[in-house]
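Asks: One file is attached below, input-v3.txt, containing compact mmCIF, C-alpha atoms.
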```
# COMPACT_ATOMS: atom_id res chain seq x y z
CA MET A 1112 7.21 70.57 -59.06
CA GLY A 1113 10.12 71.74 -57.02
CA ARG A 1114 11.95 69.62 -54.47
CA LEU A 1115 12.10 70.31 -50.73
CA PHE A 1116 15.63 70.43 -49.42
CA LEU A 1117 16.68 70.70 -45.80
CA LYS A 1118 19.66 72.88 -45.51
CA GLN A 1119 22.47 71.33 -43.58
CA GLU A 1120 24.28 73.88 -41.52
CA SER A 1121 28.01 73.94 -41.59
CA HIS A 1122 29.87 73.10 -38.49
CA PRO A 1123 32.69 75.40 -37.52
CA LEU A 1124 35.10 72.48 -37.81
CA GLY A 1125 33.68 71.52 -41.15
CA LEU A 1126 31.94 68.34 -39.91
CA GLY A 1127 28.31 67.51 -40.79
CA ARG A 1128 25.68 67.24 -38.03
CA SER A 1129 22.49 65.19 -38.20
CA GLY A 1130 19.81 63.90 -35.69
CA PHE A 1131 17.34 60.97 -35.45
CA THR A 1132 14.19 61.26 -37.44
CA LEU A 1133 10.82 60.71 -35.76
CA ILE A 1134 10.36 57.43 -37.62
CA GLU A 1135 13.70 56.13 -36.37
CA ILE A 1136 12.83 57.03 -32.81
CA LEU A 1137 9.41 55.32 -33.02
CA LEU A 1138 10.94 52.25 -34.60
CA SER A 1139 13.54 52.02 -31.83
CA LEU A 1140 10.86 52.32 -29.16
CA ALA A 1141 8.84 49.54 -30.81
CA ILE A 1142 11.85 47.22 -30.86
CA VAL A 1143 12.62 47.93 -27.20
CA SER A 1144 8.96 47.29 -26.30
CA VAL A 1145 8.99 43.92 -28.04
CA ILE A 1146 12.19 42.95 -26.23
CA LEU A 1147 10.73 44.01 -22.87
CA ILE A 1148 7.52 42.06 -23.46
CA PHE A 1149 9.53 38.99 -24.43
CA LEU A 1150 11.71 39.29 -21.32
CA LEU A 1151 8.66 39.81 -19.09
CA ASN A 1152 6.90 36.78 -20.52
CA SER A 1153 10.06 34.72 -20.12
CA PHE A 1154 10.41 35.87 -16.52
CA GLN A 1155 6.77 35.01 -15.76
CA PHE A 1156 7.16 31.62 -17.43
CA VAL A 1157 10.23 30.85 -15.32
CA GLN A 1158 8.39 32.00 -12.19
CA HIS A 1159 5.39 29.77 -12.94
CA LYS A 1160 7.65 26.85 -13.79
CA ASP A 1161 9.54 27.24 -10.52
CA LYS A 1162 6.27 27.27 -8.58
CA VAL A 1163 4.94 24.23 -10.45
CA ASP A 1164 8.24 22.40 -9.87
CA GLN A 1165 8.04 23.29 -6.18
CA ALA A 1166 4.50 21.90 -6.04
CA HIS A 1167 5.67 18.65 -7.67
CA LEU A 1168 8.59 18.32 -5.23
CA ARG A 1169 6.35 18.86 -2.21
CA MET A 1170 3.78 16.44 -3.56
CA ASP A 1171 6.50 13.80 -4.02
CA GLU A 1172 7.68 14.26 -0.42
CA ILE A 1173 4.13 14.14 0.93
CA ALA A 1174 3.45 10.96 -1.08
CA THR A 1175 6.61 9.37 0.34
CA LYS A 1176 5.46 10.18 3.88
CA LEU A 1177 1.97 8.83 3.12
CA ARG A 1178 3.41 5.54 1.87
CA ALA A 1179 5.59 5.24 4.98
CA TYR A 1180 2.55 5.92 7.18
CA TYR A 1181 0.58 3.27 5.32
CA ARG A 1182 3.43 0.77 5.66
CA SER A 1183 3.34 1.05 9.45
CA GLN A 1184 -0.42 1.48 9.95
CA GLN A 1185 -1.94 -0.34 6.94
CA SER A 1186 -4.13 2.71 6.45
CA LEU A 1187 -3.74 6.23 5.06
CA PRO A 1188 -4.28 9.14 7.48
CA ASP A 1189 -7.46 11.17 7.30
CA PRO A 1190 -7.26 14.72 5.88
CA PHE A 1191 -6.71 17.68 8.18
CA ALA A 1192 -9.97 19.40 9.12
CA SER A 1193 -8.83 23.03 8.92
CA PRO A 1194 -9.11 23.91 6.14
CA PRO A 1195 -11.12 20.87 5.08
CA ASP A 1196 -9.37 18.19 3.01
CA SER A 1197 -5.87 19.52 3.61
CA VAL A 1198 -2.63 17.59 4.20
CA PRO A 1199 -2.30 16.18 7.78
CA VAL A 1200 1.21 17.41 8.58
CA GLN A 1201 0.87 17.07 12.36
CA LEU A 1202 3.42 15.07 14.37
CA GLU A 1203 1.26 11.97 14.92
CA ARG A 1204 0.45 11.74 11.21
CA LEU A 1205 3.05 12.76 8.61
CA ASP A 1206 5.35 14.88 10.83
CA LEU A 1207 6.04 17.49 8.14
CA PRO A 1208 6.73 21.26 8.33
CA GLN A 1209 3.69 23.48 7.89
CA LYS A 1210 4.87 24.63 4.47
CA TYR A 1211 3.91 21.21 3.08
CA ARG A 1212 0.27 22.15 3.45
CA LEU A 1213 0.80 24.66 0.63
CA ASP A 1214 1.75 24.30 -3.02
CA GLY A 1215 4.29 26.50 -4.82
CA HIS A 1216 1.65 29.20 -5.33
CA GLY A 1217 0.95 29.49 -1.60
CA GLN A 1218 -2.43 27.74 -1.79
CA PHE A 1219 -3.52 24.69 0.22
CA PHE A 1220 -3.14 21.29 -1.37
CA ARG A 1221 -6.30 19.23 -1.52
CA TYR A 1222 -6.03 15.70 -0.12
CA PHE A 1223 -8.70 13.02 -0.39
CA VAL A 1224 -8.64 9.44 0.93
CA ALA A 1225 -10.67 6.50 -0.36
CA PRO A 1226 -13.40 5.04 1.89
CA LYS A 1227 -12.52 2.61 4.67
CA ILE A 1228 -13.08 -1.14 4.69
CA ASP A 1229 -14.15 -3.02 7.82
CA GLU A 1230 -16.04 -6.03 6.45
CA TYR A 1231 -13.76 -8.69 7.96
CA SER A 1232 -11.68 -6.67 10.38
CA ASP A 1233 -12.34 -5.15 13.78
CA ASP A 1234 -10.63 -1.99 12.52
CA GLU A 1235 -11.09 0.12 9.41
CA ILE A 1236 -8.39 0.06 6.75
CA THR A 1237 -8.09 2.22 3.65
CA ASP A 1238 -9.46 0.81 0.42
CA ILE A 1239 -6.16 1.17 -1.45
CA VAL A 1240 -7.87 0.74 -4.84
CA GLY A 1241 -10.88 2.89 -3.90
CA PHE A 1242 -10.17 5.76 -6.35
CA ASP A 1243 -9.54 5.96 -10.08
CA VAL A 1244 -7.09 8.83 -10.68
CA ASP A 1245 -6.43 9.43 -14.37
CA GLY A 1246 -6.88 5.73 -15.04
CA ARG A 1247 -4.79 4.51 -12.07
CA ARG A 1248 -6.31 2.77 -9.04
CA ALA A 1249 -5.23 4.50 -5.83
CA GLY A 1250 -6.03 4.82 -2.16
CA GLY A 1251 -5.86 8.62 -2.18
CA VAL A 1252 -5.20 11.68 -4.32
CA LEU A 1253 -3.20 14.89 -3.74
CA ILE A 1254 -4.18 17.96 -5.78
CA SER A 1255 -2.69 21.37 -6.62
CA LEU A 1256 -4.90 23.82 -8.52
CA GLY A 1257 -1.90 25.03 -10.52
CA PRO A 1258 -0.94 28.58 -11.55
CA ASN A 1259 -4.49 29.87 -12.09
CA GLN A 1260 -5.71 28.41 -8.74
CA THR A 1261 -9.06 27.52 -10.30
CA GLN A 1262 -10.49 24.00 -10.10
CA GLN A 1263 -10.53 22.47 -13.54
CA TYR A 1264 -10.23 18.76 -12.65
CA THR A 1265 -13.44 16.74 -12.51
CA VAL A 1266 -14.77 14.17 -10.02
CA ASP A 1267 -17.40 11.55 -10.82
CA ASN A 1268 -18.61 10.21 -7.47
CA SER A 1269 -21.38 8.25 -9.15
CA ALA A 1270 -18.81 5.88 -10.68
CA THR A 1271 -17.42 2.83 -8.90
CA PRO A 1272 -14.77 3.60 -7.90
CA PRO A 1273 -15.03 7.44 -7.94
CA VAL A 1274 -13.10 8.91 -10.89
CA TYR A 1275 -10.74 11.91 -10.63
CA GLN A 1276 -9.76 13.33 -14.05
CA SER A 1277 -7.06 15.95 -14.68
CA ALA A 1278 -7.90 19.09 -16.66
CA GLY A 1279 -6.30 22.47 -17.37
CA ASP A 1280 -3.21 23.25 -15.29
CA ASP A 1281 -4.36 21.32 -12.20
CA ILE A 1282 -1.90 18.73 -10.86
CA LEU A 1283 -3.29 15.38 -9.62
CA ALA A 1284 -1.00 12.88 -7.87
CA PRO A 1285 -2.48 9.42 -7.14
CA ILE A 1286 -1.40 7.92 -3.82
CA THR A 1287 -0.56 4.32 -4.67
CA VAL A 1288 0.74 1.87 -2.07
CA ASN A 1289 0.92 -1.31 -4.14
CA GLU A 1290 4.53 -2.11 -3.24
CA GLU A 1291 3.91 -1.47 0.45
CA ALA A 1292 0.78 -3.65 0.37
CA MET A 1293 2.70 -6.51 -1.23
CA GLU A 1294 5.45 -6.23 1.41
CA ILE A 1295 2.82 -6.47 4.15
CA VAL A 1296 1.21 -9.49 2.51
CA MET A 1297 4.50 -11.37 2.09
CA GLU A 1298 5.59 -10.67 5.68
CA GLU A 1299 2.28 -11.80 7.16
CA LEU A 1300 2.01 -14.90 4.97
CA ASP A 1301 5.56 -15.84 5.97
CA VAL A 1302 4.62 -15.62 9.66
CA LEU A 1303 1.44 -17.63 9.12
CA GLN A 1304 3.27 -20.30 7.17
CA LYS A 1305 5.94 -20.68 9.85
CA ARG A 1306 3.14 -21.25 12.36
CA VAL A 1307 1.70 -23.92 10.05
CA ALA A 1308 5.08 -25.64 9.98
CA ALA A 1309 5.27 -25.45 13.77
CA TYR A 1310 1.75 -26.81 14.07
CA ASP A 1311 2.54 -29.69 11.73
CA ARG A 1312 5.71 -30.46 13.62
CA ILE A 1313 3.86 -30.74 16.90
CA PHE A 1314 1.54 -33.41 15.54
CA ALA A 1315 3.82 -35.13 13.05
CA GLY A 1316 4.22 -38.12 15.36
CA VAL A 1317 0.60 -38.74 16.25
CA GLY A 1318 -0.46 -42.40 16.38
CA ASN A 1319 -3.92 -43.51 15.33
CA ASP A 1320 -4.86 -45.64 18.32
CA ASN A 1321 -4.83 -43.07 21.17
CA ASP A 1322 -2.00 -45.00 22.75
CA LEU A 1323 0.86 -44.39 25.14
CA PRO A 1324 4.17 -42.93 23.98
CA ASN A 1325 6.22 -46.07 24.65
CA ASP A 1326 4.54 -48.62 22.40
CA GLY A 1327 6.67 -47.93 19.35
CA ASP A 1328 3.83 -46.22 17.55
CA SER A 1329 4.52 -42.61 18.46
CA GLN A 1330 6.75 -40.73 20.84
CA TYR A 1331 4.01 -38.82 22.61
CA ASP A 1332 0.31 -39.35 23.34
CA ILE A 1333 -1.65 -36.68 21.46
CA ALA A 1334 -4.72 -37.15 23.64
CA ASN A 1335 -2.79 -35.76 26.62
CA ALA A 1336 -0.30 -33.50 24.85
CA PRO A 1337 -0.43 -29.88 26.00
CA VAL A 1338 -0.22 -27.01 23.51
CA PRO A 1339 3.25 -25.44 23.47
CA PRO A 1340 3.45 -21.82 24.56
CA PRO A 1341 3.72 -19.39 21.63
CA PRO A 1342 5.76 -18.66 19.72
CA TYR A 1343 6.92 -22.10 18.64
CA ASP A 1344 9.79 -21.83 16.18
CA PRO A 1345 9.90 -24.94 14.02
CA TYR A 1346 13.41 -24.14 12.86
CA ASP A 1347 15.05 -23.64 16.24
CA PRO A 1348 12.81 -24.80 19.11
CA PRO A 1349 14.05 -23.99 22.61
CA ALA A 1350 15.03 -26.83 24.93
CA ASN A 1351 11.89 -26.55 27.03
CA GLN A 1352 9.78 -27.34 23.95
CA ASP A 1353 11.54 -30.60 23.16
CA PRO A 1354 8.54 -32.73 24.28
CA TYR A 1355 6.57 -31.27 21.40
CA LYS A 1356 9.03 -32.41 18.75
CA LEU A 1357 7.16 -35.58 17.98
CA VAL A 1358 8.47 -38.22 15.58
CA ASP A 1359 6.03 -40.52 13.82
CA GLU A 1360 7.56 -44.00 13.88
CA ASP A 1361 4.81 -45.68 11.90
CA GLY A 1362 4.57 -43.23 9.00
CA CYS A 1363 1.16 -41.91 8.07
CA SER A 1364 -1.41 -41.59 10.89
CA ALA A 1365 -5.09 -40.74 10.73
CA ILE A 1366 -6.07 -37.78 12.91
CA ILE A 1367 -8.92 -35.32 12.84
CA GLY A 1368 -9.45 -31.80 14.14
CA GLY A 1369 -11.25 -31.64 17.47
CA THR A 1370 -14.37 -33.54 18.37
CA GLY A 1371 -16.05 -34.82 15.24
CA GLY A 1372 -13.80 -32.63 13.12
CA ALA A 1373 -15.29 -29.43 14.54
CA GLY A 1374 -12.03 -27.69 15.36
CA CYS A 1375 -8.45 -27.96 16.55
CA LEU A 1376 -6.31 -29.35 18.18
CA PRO A 1377 -6.20 -32.59 16.18
CA THR A 1378 -7.12 -35.82 17.98
CA GLU A 1379 -7.35 -39.43 16.82
CA GLY A 1380 -10.02 -39.74 14.19
CA LEU A 1381 -11.31 -40.79 10.86
CA PHE A 1382 -9.29 -39.28 8.02
CA THR A 1383 -5.68 -38.54 7.24
CA ASN A 1384 -4.24 -35.09 7.89
CA ASP A 1385 -0.80 -35.99 9.23
CA PRO A 1386 1.99 -33.89 7.65
CA ASN A 1387 3.94 -37.13 7.22
CA CYS A 1388 1.24 -38.21 4.78
CA GLY A 1389 1.79 -35.21 2.51
CA THR A 1390 -1.06 -33.22 4.03
CA ALA A 1391 -1.23 -30.64 6.80
CA THR A 1392 -2.89 -30.94 10.20
CA ILE A 1393 -4.48 -27.53 9.67
CA ASP A 1394 -6.62 -29.10 6.92
CA ALA A 1395 -8.74 -30.59 9.68
CA CYS A 1396 -9.64 -27.14 11.03
CA PRO A 1397 -12.83 -25.67 9.51
CA SER A 1398 -11.71 -22.22 10.68
CA ALA A 1399 -7.99 -22.65 10.01
CA LEU A 1400 -7.08 -18.96 10.13
CA ASN A 1401 -8.87 -18.17 13.39
CA ASP A 1402 -7.61 -21.36 15.06
CA LEU A 1403 -4.00 -20.64 14.10
CA ILE A 1404 -4.21 -16.98 15.17
CA THR A 1405 -5.69 -17.95 18.53
CA LEU A 1406 -3.18 -20.76 19.12
CA TYR A 1407 -0.14 -18.57 18.47
CA GLY A 1408 -1.35 -15.28 19.87
CA LEU A 1409 -1.35 -13.45 16.53
CA GLY A 1410 -3.85 -10.79 15.56
CA GLN A 1411 -4.41 -7.32 16.95
CA ASP A 1412 -1.26 -5.21 17.10
CA ASN A 1413 -0.46 -2.37 19.49
CA SER A 1414 -1.40 0.43 17.09
CA GLY A 1415 -5.10 -0.37 17.17
CA VAL A 1416 -5.29 0.51 13.48
CA ALA A 1417 -4.89 -2.70 11.53
CA GLU A 1418 -5.51 -6.33 12.36
CA PRO A 1419 -2.52 -8.22 11.00
CA TYR A 1420 -2.57 -11.89 9.99
CA ARG A 1421 -6.34 -11.88 9.55
CA THR A 1422 -7.12 -9.52 6.65
CA ASP A 1423 -4.91 -8.57 3.73
CA PRO A 1424 -4.37 -4.92 2.64
CA TRP A 1425 -7.32 -5.19 0.24
CA GLY A 1426 -9.68 -5.98 3.11
CA ASN A 1427 -10.12 -9.70 2.43
CA LEU A 1428 -9.53 -12.58 4.83
CA TYR A 1429 -6.41 -14.62 4.23
CA GLN A 1430 -7.38 -18.00 2.78
CA TRP A 1431 -6.09 -21.50 3.53
CA GLY A 1432 -5.27 -23.76 0.58
CA ASN A 1433 -6.96 -26.85 1.96
CA GLY A 1434 -5.39 -30.10 0.78
CA ASN A 1435 -8.81 -31.75 0.77
CA THR A 1436 -10.06 -29.45 -2.00
CA LEU A 1437 -6.94 -28.41 -3.97
CA ASN A 1438 -4.58 -30.43 -6.11
CA ALA A 1439 -0.97 -30.74 -5.03
CA SER A 1440 0.09 -28.91 -8.21
CA ASP A 1441 -1.89 -25.80 -7.20
CA ARG A 1442 0.43 -23.06 -5.90
CA ARG A 1443 -2.07 -22.40 -3.08
CA TYR A 1444 -1.90 -26.02 -1.86
CA HIS A 1445 -1.23 -26.19 1.90
CA VAL A 1446 -0.37 -22.51 2.27
CA PHE A 1447 -2.16 -19.40 3.44
CA PHE A 1448 -2.66 -16.96 0.59
CA SER A 1449 -4.13 -13.55 -0.23
CA MET A 1450 -6.77 -13.15 -2.93
CA GLY A 1451 -4.87 -10.07 -4.13
CA PRO A 1452 -6.24 -6.76 -5.43
CA ASP A 1453 -9.00 -8.49 -7.42
CA SER A 1454 -10.66 -11.09 -5.21
CA ASP A 1455 -12.55 -12.47 -8.23
CA ASP A 1456 -9.38 -13.18 -10.22
CA PRO A 1457 -7.43 -16.23 -8.99
CA ASP A 1458 -4.49 -15.30 -11.22
CA ASP A 1459 -3.52 -12.42 -8.90
CA ASP A 1460 -3.66 -14.50 -5.71
CA VAL A 1461 -0.54 -13.99 -3.60
CA THR A 1462 1.21 -17.00 -2.01
CA PRO A 1463 4.23 -17.01 0.34
CA TYR A 1464 6.41 -18.97 -2.10
```
Please render this file's structure as structure tokens.
Replies:
Amino acid sequence: MGRLFLKQESHPLGLGRSGFTLIEILLSLAIVSVILIFLLNSFQFVQHKDKVDQAHLRMDEIATKLRAYYRSQQSLPDPFASPPDSVPVQLERLDLPQKYRLDGHGQFFRYFVAPKIDEYSDDEITDIVGFDVDGRRAGGVLISLGPNQTQQYTVDNSATPPVYQSAGDDILAPITVNEEAMEIVMEELDVLQKRVAAYDRIFAGVGNDNDLPNDGDSQYDIANAPVPPPPYDPYDPPANQDPYKLVDEDGCSAIIGGTGGAGCLPTEGLFTNDPNCGTATIDACPSALNDLITLYGLGQDNSGVAEPYRTDPWGNLYQWGNGNTLNASDRRYHVFFSMGPDSDDPDDDVTPY
């Protein structure tokens, strides 16, 4: 069989001349196509990543604002109504620019808040452990539907608490306010405990025979002693409150709360609750918290949202560690305390010291 030869024409200058074959051209186009596809995919990946990062940054800033709102109001704000369940950026809520309603893909964030608690309070406060978000207890959840903008996360409202579970490319951010709640508890317990010290100081010099102040038994007659105007600072009482700085000259005195032990203020009575005896006068008050709040004008604040000094951030009444029922070695002895996030677990009770 003969061979096929392509004749190469001579160039006038004697140089050879050749072109690209069809296979070479097709191979070059294939290589360029692969490079372009790779570059396009890389560009799209960077774009998506930038949008996801932007969503995360906005969610972090929104969460910071939500925690600050909770710190001042002891409640998380309700979602914006239009569209439903969107971020409340308005001035009286989070005071954020309108762009914070949208994630990096230009779609509205979803924002849900746990149910309110009003069992012991005149006002509703957020149940700050009312959601389970990917295994974390939270008071709210902020959601971006991610690059594909399709809901893939799941919600089980039949569970207690309701469970939000991440799936696909959706982004779920739990709104936790544990640190803020603990700050509130410690501040309020400190105020309550200072009032207990003031209360004890008023009655530390009570005699047990309803006598006059000049008989060497006590400096002031409790039966006729007026209640000092609030606030009474036990650490630095003003001059006009000097009459209430009583000194017990006879040591331990027996006094009781109110008539027949039914309330406060303490009067002469049947059992010992003089702070000089190692107990507290407030032990004689069956409703210690309410009596102390009323006496010192604590309670409802100006915001009308939370009721400080009465309920803790988990919606439970503050408790008094009564010396008649607790041992002196108990950390709750003679202090107000919070039952903490789990009211059934005494190990997480919060005390002021």
Asks: What lies within 8 Å of segment 1284-1287 of chain A using only C-alpha atoms, ignoring chain neighbours under 4 positions off, as a PyMOL selection string?
Replies: chain A and resi 1170+1174+1177-1178+1239+1244+1247-1254
Asks: Give me the residues within 9 Å of Gln1218 of chain A as a list in words, counting all atoms listed in the file and dropping any in the same chain fewer than 3 places off.
Replies: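 Neighbouring residues, sequence-local ones excluded: Arg1212, Leu1213, Asp1214, Gly1215, Ser1255, Leu1256 and Gln1260 of chain A.
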Asks: When you draw a straight line from atom CA of Ala1225 of chain A to atom CA of Asn1268 of chain A, how long is it in Å?
Replies: 11.3 Å
Asks: Kindly give the distance, in Å, that separates atom CA of Pro1463 of chain A and atom CA of His1445 of chain A, rounded to a single decimal.
Replies: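 Those two atoms sit 10.8 Å apart.
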Asks: What is the distance between atom CA of Glu1235 of chain A and atom CA of Arg1421 of chain A, in Å to one decimal?
Replies: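 Value for the atom CA of Glu1235 of chain A-atom CA of Arg1421 of chain A distance: 12.9 Å.
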Asks: Give me the residues within 12 Å of Thr1237 of chain A as a PyMOL selection string, counting only C-alpha atoms and dropping any in the same chain fewer than 4 places off.
Replies: chain A and resi 1180-1182+1184-1189+1223-1230+1232+1241-1242+1249-1251+1286-1288+1292+1416-1417+1423-1426
Asks: Measuring atom to atom with all atoms listed in the file, identify which of A:Ala1270, A:Asp1161, A:Leu1205, A:Leu1151 is nearest to Thr1175 of chain A.
Replies: A:Leu1205
